[in-house]
$ cat query_3.pdb   # PDB, C-alpha atoms
ATOM      1  CA  GLY A   7       0.000   0.000   0.000
ATOM      2  CA  PRO A   8       0.997   3.651  -0.182
ATOM      3  CA  THR A   9       3.527   4.875   2.348
ATOM      4  CA  ASP A  10       2.493   8.537   2.087
ATOM      5  CA  MET A  11      -0.241   9.135   4.678
ATOM      6  CA  THR A  12      -1.803  11.852   2.527
ATOM      7  CA  ALA A  13      -2.600   9.157  -0.036
ATOM      8  CA  TRP A  14      -4.983   7.705   2.572
ATOM      9  CA  GLY A  15      -6.802  10.957   3.101
ATOM     10  CA  ALA A  16      -4.723  12.340   5.937
ATOM     11  CA  LYS A  17      -5.448  15.962   6.789
ATOM     12  CA  ARG A  18      -3.030  18.696   7.839
ATOM     13  CA  PHE A  19      -3.874  20.544  11.036
ATOM     14  CA  MET A  20      -2.278  23.749  12.257
ATOM     15  CA  VAL A  21      -2.664  24.301  16.016
ATOM     16  CA  THR A  22      -1.828  27.735  17.401
ATOM     17  CA  GLY A  23      -0.874  27.698  21.054
ATOM     18  CA  GLY A  24      -0.015  24.040  20.584
ATOM     19  CA  ALA A  25       2.599  23.973  23.349
ATOM     20  CA  GLY A  26      -0.011  24.962  25.932
ATOM     21  CA  PHE A  27      -2.146  22.656  28.059
ATOM     22  CA  ILE A  28      -5.091  22.201  25.666
ATOM     23  CA  GLY A  29      -3.171  22.689  22.412
ATOM     24  CA  SER A  30      -0.593  20.047  23.284
ATOM     25  CA  ALA A  31      -3.361  17.569  24.137
ATOM     26  CA  VAL A  32      -4.921  18.261  20.725
ATOM     27  CA  ALA A  33      -1.567  17.863  18.945
ATOM     28  CA  ARG A  34      -0.742  14.630  20.791
ATOM     29  CA  HIS A  35      -4.200  13.244  20.034
ATOM     30  CA  ILE A  36      -3.896  14.003  16.326
ATOM     31  CA  VAL A  37      -0.525  12.273  16.023
ATOM     32  CA  GLN A  38      -1.138   9.380  18.428
ATOM     33  CA  GLN A  39      -4.771   8.574  17.610
ATOM     34  CA  THR A  40      -5.230   9.483  13.927
ATOM     35  CA  MET A  41      -3.392   9.258  10.621
ATOM     36  CA  HIS A  42      -3.340  13.053  10.292
ATOM     37  CA  HIS A  43      -0.482  15.573  10.418
ATOM     38  CA  VAL A  44      -0.134  18.446  12.883
ATOM     39  CA  ALA A  45       1.956  21.586  12.852
ATOM     40  CA  VAL A  46       2.150  23.437  16.147
ATOM     41  CA  VAL A  47       2.665  27.203  16.142
ATOM     42  CA  ASP A  48       3.604  28.623  19.525
ATOM     43  CA  ARG A  49       5.553  31.633  20.743
ATOM     44  CA  LEU A  50       6.701  29.677  23.823
ATOM     45  CA  THR A  51       5.921  32.303  26.417
ATOM     46  CA  TYR A  52       5.107  31.514  30.070
ATOM     47  CA  ALA A  53       2.280  29.129  29.081
ATOM     48  CA  GLY A  54       4.132  27.193  26.381
ATOM     49  CA  ASN A  55       6.227  24.145  27.171
ATOM     50  CA  LEU A  56       7.866  21.975  24.520
ATOM     51  CA  ASP A  57       8.233  19.121  27.023
ATOM     52  CA  VAL A  58       4.502  18.418  26.695
ATOM     53  CA  LEU A  59       5.072  17.699  22.987
ATOM     54  CA  ALA A  60       8.024  15.357  23.600
ATOM     55  CA  PRO A  61       5.903  12.204  23.080
ATOM     56  CA  ILE A  62       5.326  13.191  19.425
ATOM     57  CA  ALA A  63       8.495  15.206  18.759
ATOM     58  CA  ASP A  64      10.118  12.505  16.614
ATOM     59  CA  ASP A  65       7.031  11.645  14.591
ATOM     60  CA  SER A  66       7.271  12.593  10.910
ATOM     61  CA  ARG A  67       3.649  13.846  11.023
ATOM     62  CA  TYR A  68       4.548  16.552  13.566
ATOM     63  CA  ARG A  69       6.203  19.925  12.918
ATOM     64  CA  PHE A  70       6.892  22.804  15.265
ATOM     65  CA  PHE A  71       7.084  26.517  14.425
ATOM     66  CA  ARG A  72       8.200  28.956  17.111
ATOM     67  CA  ASP A  73       6.336  31.994  15.879
ATOM     68  CA  ASP A  74       4.114  34.830  17.028
ATOM     69  CA  ILE A  75       0.582  34.932  15.589
ATOM     70  CA  THR A  76       0.741  38.752  15.515
ATOM     71  CA  ASP A  77       3.520  38.626  12.888
ATOM     72  CA  ALA A  78       1.649  38.833   9.566
ATOM     73  CA  GLY A  79       4.632  37.923   7.400
ATOM     74  CA  ARG A  80       5.460  34.872   9.480
ATOM     75  CA  MET A  81       1.844  33.703   9.621
ATOM     76  CA  ALA A  82       1.569  33.920   5.833
ATOM     77  CA  ALA A  83       4.836  31.983   5.461
ATOM     78  CA  VAL A  84       3.916  29.353   8.059
ATOM     79  CA  ILE A  85       0.474  28.774   6.549
ATOM     80  CA  ALA A  86       2.046  28.486   3.093
ATOM     81  CA  ALA A  87       4.582  25.959   4.430
ATOM     82  CA  ILE A  88       1.950  23.887   6.232
ATOM     83  CA  ASP A  89      -0.887  24.203   3.688
ATOM     84  CA  PRO A  90      -3.396  23.295   6.415
ATOM     85  CA  ASP A  91      -6.816  21.799   5.859
ATOM     86  CA  THR A  92      -7.813  22.995   9.338
ATOM     87  CA  ILE A  93      -6.506  25.714  11.623
ATOM     88  CA  ILE A  94      -7.333  25.237  15.298
ATOM     89  CA  HIS A  95      -6.748  28.594  16.974
ATOM     90  CA  LEU A  96      -5.942  28.069  20.647
ATOM     91  CA  ALA A  97      -3.186  30.659  21.128
ATOM     92  CA  ALA A  98      -4.149  32.907  24.024
ATOM     93  CA  GLU A  99      -2.917  34.820  26.987
ATOM     94  CA  SER A 100      -4.359  33.397  30.160
ATOM     95  CA  HIS A 101      -5.468  34.319  33.645
ATOM     96  CA  VAL A 102      -7.941  37.064  34.452
ATOM     97  CA  ASP A 103      -5.711  38.489  37.192
ATOM     98  CA  ARG A 104      -2.801  38.930  34.777
ATOM     99  CA  SER A 105      -5.101  40.845  32.417
ATOM    100  CA  ILE A 106      -6.146  43.224  35.167
ATOM    101  CA  ASP A 107      -2.501  43.900  36.026
ATOM    102  CA  GLY A 108      -1.650  44.553  32.367
ATOM    103  CA  ALA A 109      -4.143  44.355  29.517
ATOM    104  CA  ALA A 110      -1.827  45.091  26.565
ATOM    105  CA  PRO A 111      -0.593  41.504  25.951
ATOM    106  CA  PHE A 112      -4.194  40.278  25.976
ATOM    107  CA  ILE A 113      -5.287  42.842  23.390
ATOM    108  CA  GLU A 114      -2.204  42.110  21.278
ATOM    109  CA  THR A 115      -2.590  38.309  21.291
ATOM    110  CA  HIS A 116      -6.375  37.949  21.281
ATOM    111  CA  VAL A 117      -7.382  40.858  19.062
ATOM    112  CA  VAL A 118      -4.360  41.637  16.875
ATOM    113  CA  GLY A 119      -3.196  38.003  16.772
ATOM    114  CA  THR A 120      -6.611  36.659  15.831
ATOM    115  CA  PHE A 121      -7.024  39.350  13.170
ATOM    116  CA  THR A 122      -3.573  38.559  11.748
ATOM    117  CA  LEU A 123      -4.285  34.846  11.680
ATOM    118  CA  LEU A 124      -7.716  35.341  10.103
ATOM    119  CA  ASP A 125      -6.250  37.557   7.412
ATOM    120  CA  ALA A 126      -3.499  35.033   6.604
ATOM    121  CA  ALA A 127      -6.022  32.162   6.623
ATOM    122  CA  LEU A 128      -8.379  34.043   4.298
ATOM    123  CA  ASN A 129      -5.571  34.767   1.845
ATOM    124  CA  HIS A 130      -4.606  31.086   1.958
ATOM    125  CA  TRP A 131      -8.225  30.006   1.431
ATOM    126  CA  ARG A 132      -8.625  32.299  -1.588
ATOM    127  CA  ASN A 133      -5.857  30.376  -3.392
ATOM    128  CA  LEU A 134      -7.237  26.891  -2.712
ATOM    129  CA  SER A 135      -8.956  24.711  -5.279
ATOM    130  CA  PRO A 136     -12.766  24.658  -5.052
ATOM    131  CA  ARG A 137     -12.641  21.199  -3.387
ATOM    132  CA  LYS A 138     -10.086  22.312  -0.798
ATOM    133  CA  LYS A 139     -11.976  25.579  -0.188
ATOM    134  CA  ALA A 140     -15.111  23.597   0.631
ATOM    135  CA  GLY A 141     -13.248  21.469   3.165
ATOM    136  CA  PHE A 142     -11.110  24.160   4.804
ATOM    137  CA  ARG A 143     -11.955  24.963   8.430
ATOM    138  CA  PHE A 144     -10.858  27.638  10.890
ATOM    139  CA  HIS A 145     -11.768  26.583  14.435
ATOM    140  CA  HIS A 146     -11.501  29.404  16.939
ATOM    141  CA  VAL A 147     -11.497  28.364  20.586
ATOM    142  CA  SER A 148     -12.864  30.864  23.064
ATOM    143  CA  THR A 149     -13.770  30.840  26.752
ATOM    144  CA  ASP A 150     -16.934  30.848  28.833
ATOM    145  CA  GLU A 151     -15.607  34.024  30.474
ATOM    146  CA  VAL A 152     -17.011  36.035  27.530
ATOM    147  CA  PHE A 153     -20.481  35.428  29.002
ATOM    148  CA  GLY A 154     -19.612  36.880  32.413
ATOM    149  CA  SER A 155     -20.051  35.214  35.781
ATOM    150  CA  LEU A 156     -22.207  32.146  36.218
ATOM    151  CA  GLY A 157     -25.574  32.998  37.705
ATOM    152  CA  ARG A 158     -28.080  30.737  39.438
ATOM    153  CA  GLU A 159     -28.729  28.811  36.216
ATOM    154  CA  GLY A 160     -25.140  27.579  36.330
ATOM    155  CA  ALA A 161     -24.590  27.349  32.588
ATOM    156  CA  PHE A 162     -24.079  29.340  29.417
ATOM    157  CA  ASN A 163     -25.032  28.442  25.870
ATOM    158  CA  GLU A 164     -24.530  29.928  22.426
ATOM    159  CA  MET A 165     -27.509  32.245  22.966
ATOM    160  CA  SER A 166     -26.180  33.743  26.215
ATOM    161  CA  PRO A 167     -25.359  37.453  25.921
ATOM    162  CA  TYR A 168     -21.747  38.545  26.057
ATOM    163  CA  ARG A 169     -20.897  40.137  29.404
ATOM    164  CA  PRO A 170     -17.112  40.192  29.689
ATOM    165  CA  ASN A 171     -15.894  41.431  33.062
ATOM    166  CA  SER A 172     -12.118  41.658  32.604
ATOM    167  CA  PRO A 173      -9.592  42.634  29.928
ATOM    168  CA  TYR A 174      -9.038  38.898  29.394
ATOM    169  CA  SER A 175     -12.684  38.133  28.655
ATOM    170  CA  ALA A 176     -13.255  41.381  26.716
ATOM    171  CA  SER A 177     -10.311  40.624  24.429
ATOM    172  CA  LYS A 178     -11.521  37.035  23.921
ATOM    173  CA  ALA A 179     -15.025  38.355  23.122
ATOM    174  CA  SER A 180     -13.407  40.725  20.619
ATOM    175  CA  SER A 181     -11.630  37.818  18.960
ATOM    176  CA  ASP A 182     -14.914  35.882  18.794
ATOM    177  CA  LEU A 183     -16.542  38.800  16.990
ATOM    178  CA  LEU A 184     -13.644  39.077  14.540
ATOM    179  CA  VAL A 185     -13.995  35.385  13.694
ATOM    180  CA  ARG A 186     -17.745  35.823  13.213
ATOM    181  CA  ALA A 187     -17.140  38.785  10.888
ATOM    182  CA  TRP A 188     -14.569  36.882   8.793
ATOM    183  CA  HIS A 189     -16.916  33.925   8.523
TER     184      HIS A 189
END
$ encode --input "query_3.pdb" --output "structure tokens"
Amino acid sequence: GPTDMTAWGAKRFMVTGGAGFIGSAVARHIVQQTMHHVAVVDRLTYAGNLDVLAPIADDSRYRFFRDDITDAGRMAAVIAAIDPDTIIHLAAESHVDRSIDGAAPFIETHVVGTFTLLDAALNHWRNLSPRKKAGFRFHHVSTDEVFGSLGREGAFNEMSPYRPNSPYSASKASSDLLVRAWH
């Protein structure tokens, strides 16, 4: 049979924030439990840790790019190099308290970074074949914090109104709205 996994229908995933807690679990799952390929893009700040990707580091279906999602030139180049079928956007600053102490990194990563990534993804999508355009996906991962504090009902859903209460949640809500607009 064919030795090239793409001959069997393997997909190429790009995971931003892939050296973080959730992103690394996604990357490990893709490599260890599927036939697909994954490219992790991570700036490796306080939340990124390459050790969590060690179990897949030697797999030929894994690639790592140490890059900043706010760098438009790099995002265009990385997306061109990966040619992803799906982008899973998990890159984020974390912790409400950190955002209160200094909001700028949250605005930069969540708002500017998401915009930059969306723009690069749209330019990539425009150059795809009709079949690949139809299958391309951009999955943006947000947080329940955009809906505010849990009330007596104890749950949020997609119809809950946005009520961000910190720079962290306001910047994540902003990124959600950018993704909606690009869609």
$ closest_atom_pairs --input "query_3.pdb" --of "range 15-91 of chain A" --to "range 141-153 of chain A" --cutoff "10 Å" --atoms "only C-alpha atoms" --output "tab-separated table"
residue	atom	partner	partner_atom	distance
A:Phe19	CA	A:Arg143	CA	9.6
A:Met20	CA	A:Phe144	CA	9.5
A:Val21	CA	A:His145	CA	9.5
A:Thr22	CA	A:His146	CA	9.8
A:Pro90	CA	A:Phe142	CA	7.9
A:Asp91	CA	A:Phe142	CA	5.0
$ residues_around --input "query_3.pdb" --residues "Ala98 in chain A" --least-positions-apart "2" --cutoff "8 Å" --atoms "all atoms listed in the file" --output "short mmCIF file (atom, residue, chain, number, x, y, z; two decimals) with C-alpha atoms, keeping the file's coordinate frame"
data_model
loop_
_atom_site.label_atom_id
_atom_site.label_comp_id
_atom_site.auth_asym_id
_atom_site.auth_seq_id
_atom_site.Cartn_x
_atom_site.Cartn_y
_atom_site.Cartn_z
CA GLY A 23 -0.87 27.70 21.05
CA LEU A 96 -5.94 28.07 20.65
CA SER A 100 -4.36 33.40 30.16
CA PHE A 112 -4.19 40.28 25.98
CA THR A 115 -2.59 38.31 21.29
CA HIS A 116 -6.38 37.95 21.28
#
$ residues_around --input "query_3.pdb" --residues "Tyr68 in chain A" --least-positions-apart "6" --cutoff "7 Å" --atoms "all atoms listed in the file" --output "ChimeraX atom specification"
/A:43-45,62
$ resolve_selection --input "query_3.pdb" --expression "the PyMOL selection byres ((chain A and resi 47) around 10)" --output "PyMOL selection string"
chain A and resi 20-25+29+44-46+48-50+69-75+81+84-85+95-97
$ closest_residue --input "query_3.pdb" --among "A:Ser180, A:Thr40, A:Thr76, A:Ser135" --to "Thr122 in chain A" --atoms "all atoms listed in the file"
A:Thr76
$ atom_distance --input "query_3.pdb" --atom1 "CA of Asp89 in chain A" --atom2 "CA of Thr51 in chain A"
25.1 Å
$ residues_around --input "query_3.pdb" --residues "Ile113 in chain A" --least-positions-apart "3" --cutoff "9 Å" --atoms "only C-alpha atoms" --output "tab-separated table (two decimals) with C-alpha atoms, keeping the file's coordinate frame"
chain	number	residue	atom	x	y	z
A	109	ALA	CA	-4.14	44.36	29.52
A	110	ALA	CA	-1.83	45.09	26.56
A	116	HIS	CA	-6.38	37.95	21.28
A	117	VAL	CA	-7.38	40.86	19.06
A	118	VAL	CA	-4.36	41.64	16.88
A	119	GLY	CA	-3.20	38.00	16.77
A	173	PRO	CA	-9.59	42.63	29.93
A	174	TYR	CA	-9.04	38.90	29.39
A	176	ALA	CA	-13.26	41.38	26.72
A	177	SER	CA	-10.31	40.62	24.43
A	178	LYS	CA	-11.52	37.03	23.92
A	180	SER	CA	-13.41	40.72	20.62
$ axis_aligned_box --input "query_3.pdb" --around "range 85-101 of chain A" --padding-each-side "8 Å" --output "JSON"
{"center_x": -1.6, "center_y": 28.3, "center_z": 18.4, "size_x": 28.4, "size_y": 29.0, "size_z": 46.6}
$ build_atoms --input "query_3.pdb" --residues "range 152-163 of chain A" --atoms "all heavy atoms" --output "PDB file, in the frame of the given file"
ATOM      1  N   VAL A 152     -16.404  34.980  28.345  1.00  0.00           N
ATOM      2  CA  VAL A 152     -17.011  36.035  27.530  1.00  0.00           C
ATOM      3  C   VAL A 152     -18.464  36.282  27.928  1.00  0.00           C
ATOM      4  O   VAL A 152     -19.008  37.344  27.652  1.00  0.00           O
ATOM      5  CB  VAL A 152     -16.920  35.743  26.005  1.00  0.00           C
ATOM      6  CG1 VAL A 152     -15.473  35.610  25.560  1.00  0.00           C
ATOM      7  CG2 VAL A 152     -17.725  34.516  25.617  1.00  0.00           C
ATOM      8  N   PHE A 153     -19.080  35.304  28.594  1.00  0.00           N
ATOM      9  CA  PHE A 153     -20.481  35.428  29.002  1.00  0.00           C
ATOM     10  C   PHE A 153     -20.636  35.989  30.415  1.00  0.00           C
ATOM     11  O   PHE A 153     -21.752  36.105  30.903  1.00  0.00           O
ATOM     12  CB  PHE A 153     -21.181  34.075  28.906  1.00  0.00           C
ATOM     13  CG  PHE A 153     -21.155  33.489  27.526  1.00  0.00           C
ATOM     14  CD1 PHE A 153     -20.481  32.306  27.280  1.00  0.00           C
ATOM     15  CD2 PHE A 153     -21.783  34.125  26.464  1.00  0.00           C
ATOM     16  CE1 PHE A 153     -20.450  31.760  26.001  1.00  0.00           C
ATOM     17  CE2 PHE A 153     -21.765  33.591  25.191  1.00  0.00           C
ATOM     18  CZ  PHE A 153     -21.086  32.407  24.954  1.00  0.00           C
ATOM     19  N   GLY A 154     -19.539  36.314  31.071  1.00  0.00           N
ATOM     20  CA  GLY A 154     -19.612  36.880  32.413  1.00  0.00           C
ATOM     21  C   GLY A 154     -19.515  35.822  33.490  1.00  0.00           C
ATOM     22  O   GLY A 154     -18.967  34.746  33.276  1.00  0.00           O
ATOM     23  N   SER A 155     -20.072  36.127  34.639  1.00  0.00           N
ATOM     24  CA  SER A 155     -20.051  35.214  35.781  1.00  0.00           C
ATOM     25  C   SER A 155     -21.274  34.320  35.759  1.00  0.00           C
ATOM     26  O   SER A 155     -22.366  34.755  35.395  1.00  0.00           O
ATOM     27  CB  SER A 155     -20.023  36.004  37.083  1.00  0.00           C
ATOM     28  OG  SER A 155     -18.894  36.840  37.129  1.00  0.00           O
ATOM     29  N   LEU A 156     -21.073  33.076  36.162  1.00  0.00           N
ATOM     30  CA  LEU A 156     -22.207  32.146  36.218  1.00  0.00           C
ATOM     31  C   LEU A 156     -23.234  32.627  37.225  1.00  0.00           C
ATOM     32  O   LEU A 156     -22.897  32.990  38.347  1.00  0.00           O
ATOM     33  CB  LEU A 156     -21.735  30.757  36.630  1.00  0.00           C
ATOM     34  CG  LEU A 156     -21.111  29.902  35.544  1.00  0.00           C
ATOM     35  CD1 LEU A 156     -20.613  28.592  36.144  1.00  0.00           C
ATOM     36  CD2 LEU A 156     -22.097  29.636  34.434  1.00  0.00           C
ATOM     37  N   GLY A 157     -24.478  32.630  36.817  1.00  0.00           N
ATOM     38  CA  GLY A 157     -25.574  32.998  37.705  1.00  0.00           C
ATOM     39  C   GLY A 157     -26.187  31.756  38.329  1.00  0.00           C
ATOM     40  O   GLY A 157     -25.579  30.683  38.330  1.00  0.00           O
ATOM     41  N   ARG A 158     -27.394  31.871  38.808  1.00  0.00           N
ATOM     42  CA  ARG A 158     -28.080  30.737  39.438  1.00  0.00           C
ATOM     43  C   ARG A 158     -28.310  29.576  38.481  1.00  0.00           C
ATOM     44  O   ARG A 158     -28.345  28.434  38.903  1.00  0.00           O
ATOM     45  CB  ARG A 158     -29.412  31.191  40.018  1.00  0.00           C
ATOM     46  CG  ARG A 158     -29.236  31.862  41.364  1.00  0.00           C
ATOM     47  CD  ARG A 158     -30.562  32.295  41.938  1.00  0.00           C
ATOM     48  NE  ARG A 158     -30.510  33.766  41.923  1.00  0.00           N
ATOM     49  CZ  ARG A 158     -31.492  34.558  41.588  1.00  0.00           C
ATOM     50  NH1 ARG A 158     -32.645  34.070  41.246  1.00  0.00           N
ATOM     51  NH2 ARG A 158     -31.336  35.848  41.594  1.00  0.00           N
ATOM     52  N   GLU A 159     -28.462  29.889  37.185  1.00  0.00           N
ATOM     53  CA  GLU A 159     -28.729  28.811  36.216  1.00  0.00           C
ATOM     54  C   GLU A 159     -27.520  27.905  36.037  1.00  0.00           C
ATOM     55  O   GLU A 159     -27.657  26.762  35.632  1.00  0.00           O
ATOM     56  CB  GLU A 159     -29.178  29.383  34.863  1.00  0.00           C
ATOM     57  CG  GLU A 159     -28.080  30.039  34.028  1.00  0.00           C
ATOM     58  CD  GLU A 159     -27.753  31.474  34.395  1.00  0.00           C
ATOM     59  OE1 GLU A 159     -28.384  32.037  35.323  1.00  0.00           O
ATOM     60  OE2 GLU A 159     -26.851  32.032  33.757  1.00  0.00           O
ATOM     61  N   GLY A 160     -26.332  28.412  36.333  1.00  0.00           N
ATOM     62  CA  GLY A 160     -25.140  27.579  36.330  1.00  0.00           C
ATOM     63  C   GLY A 160     -24.614  27.151  34.976  1.00  0.00           C
ATOM     64  O   GLY A 160     -23.798  26.252  34.907  1.00  0.00           O
ATOM     65  N   ALA A 161     -25.077  27.759  33.906  1.00  0.00           N
ATOM     66  CA  ALA A 161     -24.590  27.349  32.588  1.00  0.00           C
ATOM     67  C   ALA A 161     -24.772  28.482  31.581  1.00  0.00           C
ATOM     68  O   ALA A 161     -25.636  29.344  31.752  1.00  0.00           O
ATOM     69  CB  ALA A 161     -25.332  26.113  32.107  1.00  0.00           C
ATOM     70  N   PHE A 162     -23.949  28.441  30.556  1.00  0.00           N
ATOM     71  CA  PHE A 162     -24.079  29.340  29.417  1.00  0.00           C
ATOM     72  C   PHE A 162     -24.366  28.484  28.200  1.00  0.00           C
ATOM     73  O   PHE A 162     -24.086  27.287  28.175  1.00  0.00           O
ATOM     74  CB  PHE A 162     -22.778  30.111  29.159  1.00  0.00           C
ATOM     75  CG  PHE A 162     -22.329  30.976  30.297  1.00  0.00           C
ATOM     76  CD1 PHE A 162     -21.112  30.749  30.915  1.00  0.00           C
ATOM     77  CD2 PHE A 162     -23.095  32.036  30.743  1.00  0.00           C
ATOM     78  CE1 PHE A 162     -20.678  31.551  31.951  1.00  0.00           C
ATOM     79  CE2 PHE A 162     -22.678  32.854  31.776  1.00  0.00           C
ATOM     80  CZ  PHE A 162     -21.464  32.603  32.384  1.00  0.00           C
ATOM     81  N   ASN A 163     -24.908  29.114  27.161  1.00  0.00           N
ATOM     82  CA  ASN A 163     -25.032  28.442  25.870  1.00  0.00           C
ATOM     83  C   ASN A 163     -24.767  29.471  24.782  1.00  0.00           C
ATOM     84  O   ASN A 163     -24.485  30.634  25.074  1.00  0.00           O
ATOM     85  CB  ASN A 163     -26.398  27.754  25.717  1.00  0.00           C
ATOM     86  CG  ASN A 163     -27.549  28.735  25.722  1.00  0.00           C
ATOM     87  OD1 ASN A 163     -27.514  29.774  25.047  1.00  0.00           O
ATOM     88  ND2 ASN A 163     -28.589  28.427  26.488  1.00  0.00           N
TER      89      ASN A 163
END
